[in-house]
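This is input.txt (compact mmCIF, C-alpha atoms).
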```
# COMPACT_ATOMS: atom_id res chain seq x y z
CA MET J 117 30.96 8.90 -16.32
CA VAL J 118 28.49 11.12 -14.46
CA ALA J 119 25.52 9.28 -15.98
CA ALA J 120 27.00 5.92 -14.99
CA ALA J 121 27.58 7.15 -11.42
CA ASN J 122 24.00 8.42 -11.22
CA LEU J 123 22.73 5.11 -12.60
CA VAL J 124 24.60 3.24 -9.89
CA GLU J 125 23.24 5.60 -7.21
CA VAL J 126 19.64 5.28 -8.37
CA ALA J 127 19.95 1.50 -8.76
CA ALA J 128 21.37 1.18 -5.24
CA LEU J 129 18.55 3.28 -3.81
CA VAL J 130 15.83 1.32 -5.57
CA GLY J 131 17.61 -1.99 -4.90
CA ASP J 132 17.10 -1.83 -1.13
CA THR J 133 14.09 -3.91 -0.04
CA ALA J 134 12.63 -1.30 2.31
CA ARG J 135 13.08 1.55 -0.18
CA ALA J 136 11.67 -0.56 -3.02
CA THR J 137 8.64 -1.30 -0.84
CA VAL J 138 8.21 2.42 -0.11
CA LEU J 139 8.41 3.29 -3.82
CA ALA J 140 5.99 0.49 -4.74
CA ALA J 141 3.51 1.77 -2.12
CA LEU J 142 3.71 5.26 -3.61
CA MET J 143 3.00 3.96 -7.13
CA SER J 144 -0.72 4.26 -6.41
CA GLY J 145 -0.30 8.02 -6.72
CA GLN J 146 -1.54 8.55 -3.17
CA ALA J 147 0.70 10.54 -0.81
CA LEU J 148 1.48 8.63 2.40
CA THR J 149 2.97 9.61 5.76
CA GLY J 150 6.32 8.36 6.97
CA SER J 151 4.58 6.24 9.59
CA GLU J 152 2.38 4.58 6.96
CA LEU J 153 5.41 3.88 4.79
CA ALA J 154 7.37 2.52 7.77
CA TYR J 155 4.51 0.12 8.50
CA LEU J 156 4.27 -1.03 4.87
CA ALA J 157 8.06 -1.50 4.60
CA ARG J 158 8.09 -3.31 7.97
CA VAL J 159 10.81 -1.07 9.38
CA SER J 160 10.93 1.22 12.39
CA ARG J 161 9.94 4.87 12.01
CA PRO J 162 13.57 6.09 12.46
CA THR J 163 14.78 3.60 9.83
CA ALA J 164 12.02 4.72 7.48
CA SER J 165 13.07 8.35 8.02
CA GLU J 166 16.61 7.49 6.88
CA HIS J 167 15.29 5.75 3.77
CA LEU J 168 12.87 8.60 3.00
CA ALA J 169 15.69 11.15 3.36
CA LYS J 170 17.85 9.22 0.86
CA LEU J 171 14.99 8.93 -1.64
CA THR J 172 14.18 12.63 -1.21
CA ASP J 173 17.82 13.67 -1.64
CA ALA J 174 17.93 11.67 -4.89
CA ARG J 175 14.69 13.42 -6.00
CA LEU J 176 12.86 10.12 -6.44
CA ILE J 177 10.22 11.22 -3.93
CA ALA J 178 9.11 14.57 -2.53
CA SER J 179 7.40 15.54 0.69
CA ILE J 180 4.68 17.98 1.53
CA LYS J 181 4.01 19.16 5.08
CA GLN J 182 0.34 19.46 6.03
CA GLY J 183 -0.30 20.33 9.64
CA ARG J 184 1.80 18.09 11.81
CA PHE J 185 2.17 15.41 9.12
CA ARG J 186 4.61 15.10 6.26
CA TYR J 187 3.27 13.29 3.19
CA TYR J 188 5.50 11.60 0.62
CA ARG J 189 4.83 11.04 -3.08
CA ILE J 190 6.74 10.06 -6.22
CA THR J 191 8.20 13.19 -7.79
CA SER J 192 7.29 12.65 -11.42
CA PRO J 193 5.79 10.34 -14.02
CA LEU J 194 9.38 9.70 -15.19
CA VAL J 195 10.21 8.08 -11.83
CA ALA J 196 6.98 6.06 -11.94
CA SER J 197 7.78 4.96 -15.50
CA MET J 198 11.26 3.84 -14.39
CA LEU J 199 9.74 1.81 -11.55
CA GLU J 200 7.16 0.22 -13.87
CA SER J 201 9.98 -0.74 -16.25
CA ILE J 202 12.03 -2.29 -13.45
CA ILE J 203 8.97 -4.26 -12.33
CA ALA J 204 8.40 -5.48 -15.89
CA VAL J 205 12.02 -6.59 -16.32
CA ALA J 206 12.09 -8.24 -12.89
CA ALA J 207 8.98 -10.23 -13.76
CA ILE J 208 10.62 -11.73 -16.87
CA GLU J 209 13.19 -13.84 -15.04
CA VAL J 210 11.43 -14.61 -11.77
CA PRO J 211 9.63 -17.95 -11.77
CA ALA J 212 6.18 -17.89 -10.29
CA ARG J 213 6.12 -18.87 -6.62
CA HIS J 214 3.12 -20.13 -4.73
CA ARG J 215 1.78 -17.52 -2.38
CA PRO J 216 -1.63 -17.86 -0.78
CA ARG J 217 -3.93 -15.09 -1.93
CA SER J 218 -5.54 -12.75 0.55
CA ALA J 219 -8.72 -10.70 0.27
CA HIS J 220 -6.49 -7.62 -0.11
CA ASP J 221 -4.62 -9.24 -3.03
CA GLU J 222 -7.92 -10.07 -4.74
CA ALA J 223 -9.19 -6.52 -4.26
CA LEU J 224 -5.99 -5.15 -5.83
CA ARG J 225 -6.27 -7.56 -8.74
CA PHE J 226 -9.82 -6.36 -9.33
CA ALA J 227 -9.28 -2.60 -9.23
CA ARG J 228 -6.51 -0.25 -8.21
CA THR J 229 -4.74 2.83 -9.42
CA CYS J 230 -1.32 2.60 -10.98
CA TYR J 231 0.35 5.96 -10.40
CA ASP J 232 -2.24 8.06 -12.28
CA HIS J 233 -4.57 5.65 -14.03
CA LEU J 234 -7.07 2.89 -13.32
CA ALA J 235 -5.55 -0.61 -13.40
CA GLY J 236 -6.35 -4.21 -12.45
CA ARG J 237 -9.04 -6.34 -14.08
CA LEU J 238 -11.46 -3.41 -14.04
CA GLY J 239 -8.99 -1.09 -15.80
CA VAL J 240 -8.22 -3.76 -18.41
CA ALA J 241 -11.94 -4.44 -18.95
CA ILE J 242 -12.64 -0.74 -19.49
CA ALA J 243 -9.71 -0.45 -21.92
CA ASP J 244 -10.89 -3.56 -23.78
CA ALA J 245 -14.43 -2.17 -24.02
CA LEU J 246 -13.17 1.20 -25.31
CA VAL J 247 -11.12 -0.60 -27.97
CA ALA J 248 -13.95 -3.01 -28.90
CA ASN J 249 -16.34 -0.08 -29.39
CA GLY J 250 -13.85 1.87 -31.49
CA HIS J 251 -13.36 4.65 -28.95
CA VAL J 252 -9.62 3.98 -28.51
CA VAL J 253 -7.03 2.49 -30.86
CA LEU J 254 -4.13 0.85 -29.03
CA GLY J 255 -0.65 0.50 -30.45
CA GLU J 256 2.75 -0.55 -29.15
CA ASP J 257 3.63 2.96 -27.94
CA GLY J 258 0.26 3.78 -26.44
CA GLY J 259 -3.23 4.60 -27.52
CA GLU J 260 -5.17 7.22 -29.34
CA VAL J 261 -8.72 8.35 -28.66
CA THR J 262 -10.81 8.32 -31.82
CA ASP J 263 -13.25 11.08 -32.75
CA GLY J 264 -16.09 8.81 -31.65
CA GLY J 265 -14.21 8.16 -28.44
CA ARG J 266 -13.91 11.90 -27.78
CA ARG J 267 -17.67 12.28 -28.14
CA PHE J 268 -18.29 9.22 -25.97
CA LEU J 269 -15.97 10.40 -23.19
CA ALA J 270 -17.27 13.99 -23.41
CA ALA J 271 -20.76 12.62 -22.65
CA PHE J 272 -19.31 11.49 -19.30
CA GLY J 273 -17.84 14.95 -18.66
CA ALA J 274 -14.25 14.14 -19.61
CA ASP J 275 -12.34 17.22 -20.81
CA LEU J 276 -9.83 15.97 -23.37
CA THR J 277 -8.92 19.40 -24.77
CA SER J 278 -6.67 20.37 -21.84
CA ARG J 279 -4.66 17.12 -22.22
CA GLN J 280 -4.05 17.79 -25.93
CA LYS J 281 -2.36 21.12 -25.22
CA GLY J 282 0.17 19.64 -22.77
CA LYS J 283 3.25 17.61 -23.60
CA ARG J 284 2.22 14.67 -21.44
CA ILE J 285 1.37 11.41 -23.20
CA PHE J 286 -2.39 10.94 -22.99
CA CYS J 287 -2.67 7.19 -23.27
CA LYS J 288 0.41 5.06 -22.69
CA PRO J 289 0.78 1.30 -22.23
CA CYS J 290 0.51 -0.19 -18.73
CA LEU J 291 1.78 -3.47 -17.35
CA ASP J 292 -1.80 -4.70 -16.95
```

Could you render the structure from this file as structure tokens?
Amino acid sequence: MVAAANLVEVAALVGDTARATVLAALMSGQALTGSELAYLARVSRPTASEHLAKLTDARLIASIKQGRFRYYRITSPLVASMLESIIAVAAIEVPARHRPRSAHDEALRFARTCYDHLAGRLGVAIADALVANGHVVLGEDGGEVTDGGRRFLAAFGADLTSRQKGKRIFCKPCLD
């Protein structure tokens, strides 16, 4: 019963348009101020503060005070993964609608970050090149860096040894 109640609470929080917009804006991994999030969600600053307080209380986001500003970010990769999954499921049933593209949309399609990794056409092209050259092997549950891939990435200064010691998944599938 407790899990079901928590599910309903989290779903209600994420289901609000303004809060969903705030969470989507934070998916880039960049911490943003309440004013920035209010602007992006197209709500007043006091309304944004109410939404941010609810998301913080539910531990979906956290805040850090720096000087006179308070910055908000998604609390964990688990929350980001939940949001990515919701986005993926929502995309299944929604028919494509015509929406004129802007320069900003095109820039995001080309390159962006998705929580903690490179995404967009550039991210996909890099992943494709790593696979084509045998540096990464992709599977349904994620990817694995090959021995040749470790040497290749080490030549660029990438330290893969610290990632292997942690419990975090090194290479997991992305919506792109």

List the neighbours of region 238-241 of chain J out to 8 Å using only C-alpha atoms; skip same-chain residues closer than 3 positions along the sequence, and give me the result as a VMD selection string.
-> chain J and resid 226 to 227 234 to 235 244 to 245 292

Can you pull out every residue within 10 Å of region 249-255 of chain J, counting all atoms listed in the file, but drop anything in the same chain fewer than 2 positions away, and send it as a list of chain:residue names?
-> J:Ala243, J:Asp244, J:Ala245, J:Leu246, J:Val247, J:Asp257, J:Gly258, J:Gly259, J:Glu260, J:Val261, J:Thr262, J:Asp263, J:Gly264, J:Gly265, J:Arg266, J:Arg267, J:Phe268, J:Leu269, J:Cys287, J:Lys288, J:Pro289

Those residues you just picked out, can you put them in a file as an mmCIF file, in the coordinates of the input with C-alpha atoms?
```
data_model
loop_
_atom_site.group_PDB
_atom_site.id
_atom_site.type_symbol
_atom_site.label_atom_id
_atom_site.label_comp_id
_atom_site.auth_asym_id
_atom_site.auth_seq_id
_atom_site.Cartn_x
_atom_site.Cartn_y
_atom_site.Cartn_z
ATOM 1 C CA ALA J 243 -9.710 -0.450 -21.920
ATOM 2 C CA ASP J 244 -10.890 -3.560 -23.780
ATOM 3 C CA ALA J 245 -14.430 -2.170 -24.020
ATOM 4 C CA LEU J 246 -13.170 1.200 -25.310
ATOM 5 C CA VAL J 247 -11.120 -0.600 -27.970
ATOM 6 C CA ASP J 257 3.630 2.960 -27.940
ATOM 7 C CA GLY J 258 0.260 3.780 -26.440
ATOM 8 C CA GLY J 259 -3.230 4.600 -27.520
ATOM 9 C CA GLU J 260 -5.170 7.220 -29.340
ATOM 10 C CA VAL J 261 -8.720 8.350 -28.660
ATOM 11 C CA THR J 262 -10.810 8.320 -31.820
ATOM 12 C CA ASP J 263 -13.250 11.080 -32.750
ATOM 13 C CA GLY J 264 -16.090 8.810 -31.650
ATOM 14 C CA GLY J 265 -14.210 8.160 -28.440
ATOM 15 C CA ARG J 266 -13.910 11.900 -27.780
ATOM 16 C CA ARG J 267 -17.670 12.280 -28.140
ATOM 17 C CA PHE J 268 -18.290 9.220 -25.970
ATOM 18 C CA LEU J 269 -15.970 10.400 -23.190
ATOM 19 C CA CYS J 287 -2.670 7.190 -23.270
ATOM 20 C CA LYS J 288 0.410 5.060 -22.690
ATOM 21 C CA PRO J 289 0.780 1.300 -22.230
#
```

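Picture a line from CA of Leu139 (chain J) to CA of Ile190 (chain J); it runs 7.4 Å.
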
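Among J:His233, J:His220, J:Arg135, J:Arg228, the residue with the shortest atom-to-atom distance to Ile177 (chain J), counting all atoms listed in the file, is J:Arg135.
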
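With CA of Thr172 (chain J) on one side and CA of Arg186 (chain J) on the other, the separation reads 12.4 Å.
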
Option closest in space to Arg189 (chain J), from J:Ile203, J:Val130, J:Val138, J:Ala174 [counting only C-alpha atoms] | J:Val138

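Taking CA of Ala154 (chain J) and CA of Asp173 (chain J) as endpoints, the distance between them is 17.9 Å.
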
Could you rebuild region 242-253 of chain J with all heavy atoms and give it back as a CSV table (one decimal), in the frame of the given file?
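Below is the file that was written, rebuild-v2.csv:
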```
chain,number,residue,atom,x,y,z
J,242,ILE,N,-12.2,-2.0,-18.9
J,242,ILE,CA,-12.6,-0.7,-19.5
J,242,ILE,C,-11.9,-0.4,-20.8
J,242,ILE,O,-12.4,0.0,-21.8
J,242,ILE,CB,-12.5,0.4,-18.5
J,242,ILE,CG1,-13.5,0.2,-17.3
J,242,ILE,CG2,-12.6,1.8,-19.1
J,242,ILE,CD1,-13.3,1.1,-16.1
J,243,ALA,N,-10.5,-0.7,-20.7
J,243,ALA,CA,-9.7,-0.4,-21.9
J,243,ALA,C,-10.2,-1.4,-23.1
J,243,ALA,O,-10.3,-0.9,-24.2
J,243,ALA,CB,-8.2,-0.7,-21.6
J,244,ASP,N,-10.4,-2.6,-22.7
J,244,ASP,CA,-10.9,-3.6,-23.8
J,244,ASP,C,-12.2,-3.1,-24.4
J,244,ASP,O,-12.4,-3.2,-25.6
J,244,ASP,CB,-11.0,-5.0,-23.2
J,244,ASP,CG,-9.7,-5.6,-22.9
J,244,ASP,OD1,-8.7,-5.1,-23.4
J,244,ASP,OD2,-9.7,-6.7,-22.2
J,245,ALA,N,-13.1,-2.6,-23.5
J,245,ALA,CA,-14.4,-2.2,-24.0
J,245,ALA,C,-14.3,-0.9,-24.9
J,245,ALA,O,-15.0,-0.8,-25.9
J,245,ALA,CB,-15.4,-1.9,-22.9
J,246,LEU,N,-13.4,0.0,-24.5
J,246,LEU,CA,-13.2,1.2,-25.3
J,246,LEU,C,-12.6,0.8,-26.7
J,246,LEU,O,-13.0,1.4,-27.7
J,246,LEU,CB,-12.2,2.2,-24.6
J,246,LEU,CG,-12.8,2.9,-23.4
J,246,LEU,CD1,-11.8,3.6,-22.6
J,246,LEU,CD2,-14.0,3.8,-23.8
J,247,VAL,N,-11.7,-0.1,-26.7
J,247,VAL,CA,-11.1,-0.6,-28.0
J,247,VAL,C,-12.2,-1.3,-28.8
J,247,VAL,O,-12.3,-1.1,-30.0
J,247,VAL,CB,-9.9,-1.5,-27.7
J,247,VAL,CG1,-9.4,-2.2,-29.0
J,247,VAL,CG2,-8.7,-0.7,-27.1
J,248,ALA,N,-12.9,-2.2,-28.2
J,248,ALA,CA,-14.0,-3.0,-28.9
J,248,ALA,C,-15.0,-2.1,-29.5
J,248,ALA,O,-15.5,-2.4,-30.6
J,248,ALA,CB,-14.6,-4.0,-28.0
J,249,ASN,N,-15.3,-1.0,-28.9
J,249,ASN,CA,-16.3,-0.1,-29.4
J,249,ASN,C,-15.8,1.0,-30.3
J,249,ASN,O,-16.5,1.9,-30.7
J,249,ASN,CB,-17.1,0.5,-28.2
J,249,ASN,CG,-18.0,-0.5,-27.6
J,249,ASN,OD1,-18.9,-1.0,-28.2
J,249,ASN,ND2,-17.8,-0.8,-26.3
J,250,GLY,N,-14.5,0.9,-30.6
J,250,GLY,CA,-13.8,1.9,-31.5
J,250,GLY,C,-13.6,3.2,-30.9
J,250,GLY,O,-13.3,4.2,-31.6
J,251,HIS,N,-13.6,3.4,-29.6
J,251,HIS,CA,-13.4,4.6,-29.0
J,251,HIS,C,-11.9,4.9,-28.8
J,251,HIS,O,-11.5,6.1,-28.7
J,251,HIS,CB,-14.1,4.7,-27.6
J,251,HIS,CG,-15.5,4.6,-27.7
J,251,HIS,ND1,-16.3,5.3,-28.5
J,251,HIS,CD2,-16.4,3.7,-27.0
J,251,HIS,CE1,-17.6,4.9,-28.4
J,251,HIS,NE2,-17.7,4.0,-27.5
J,252,VAL,N,-11.1,3.9,-28.7
J,252,VAL,CA,-9.6,4.0,-28.5
J,252,VAL,C,-9.0,3.0,-29.4
J,252,VAL,O,-9.4,1.9,-29.6
J,252,VAL,CB,-9.2,3.7,-27.0
J,252,VAL,CG1,-7.7,3.6,-26.9
J,252,VAL,CG2,-9.8,4.7,-26.1
J,253,VAL,N,-7.9,3.4,-30.0
J,253,VAL,CA,-7.0,2.5,-30.9
J,253,VAL,C,-5.7,2.3,-30.1
J,253,VAL,O,-5.0,3.3,-29.9
J,253,VAL,CB,-6.8,3.1,-32.3
J,253,VAL,CG1,-5.9,2.2,-33.1
J,253,VAL,CG2,-8.1,3.3,-33.0
```
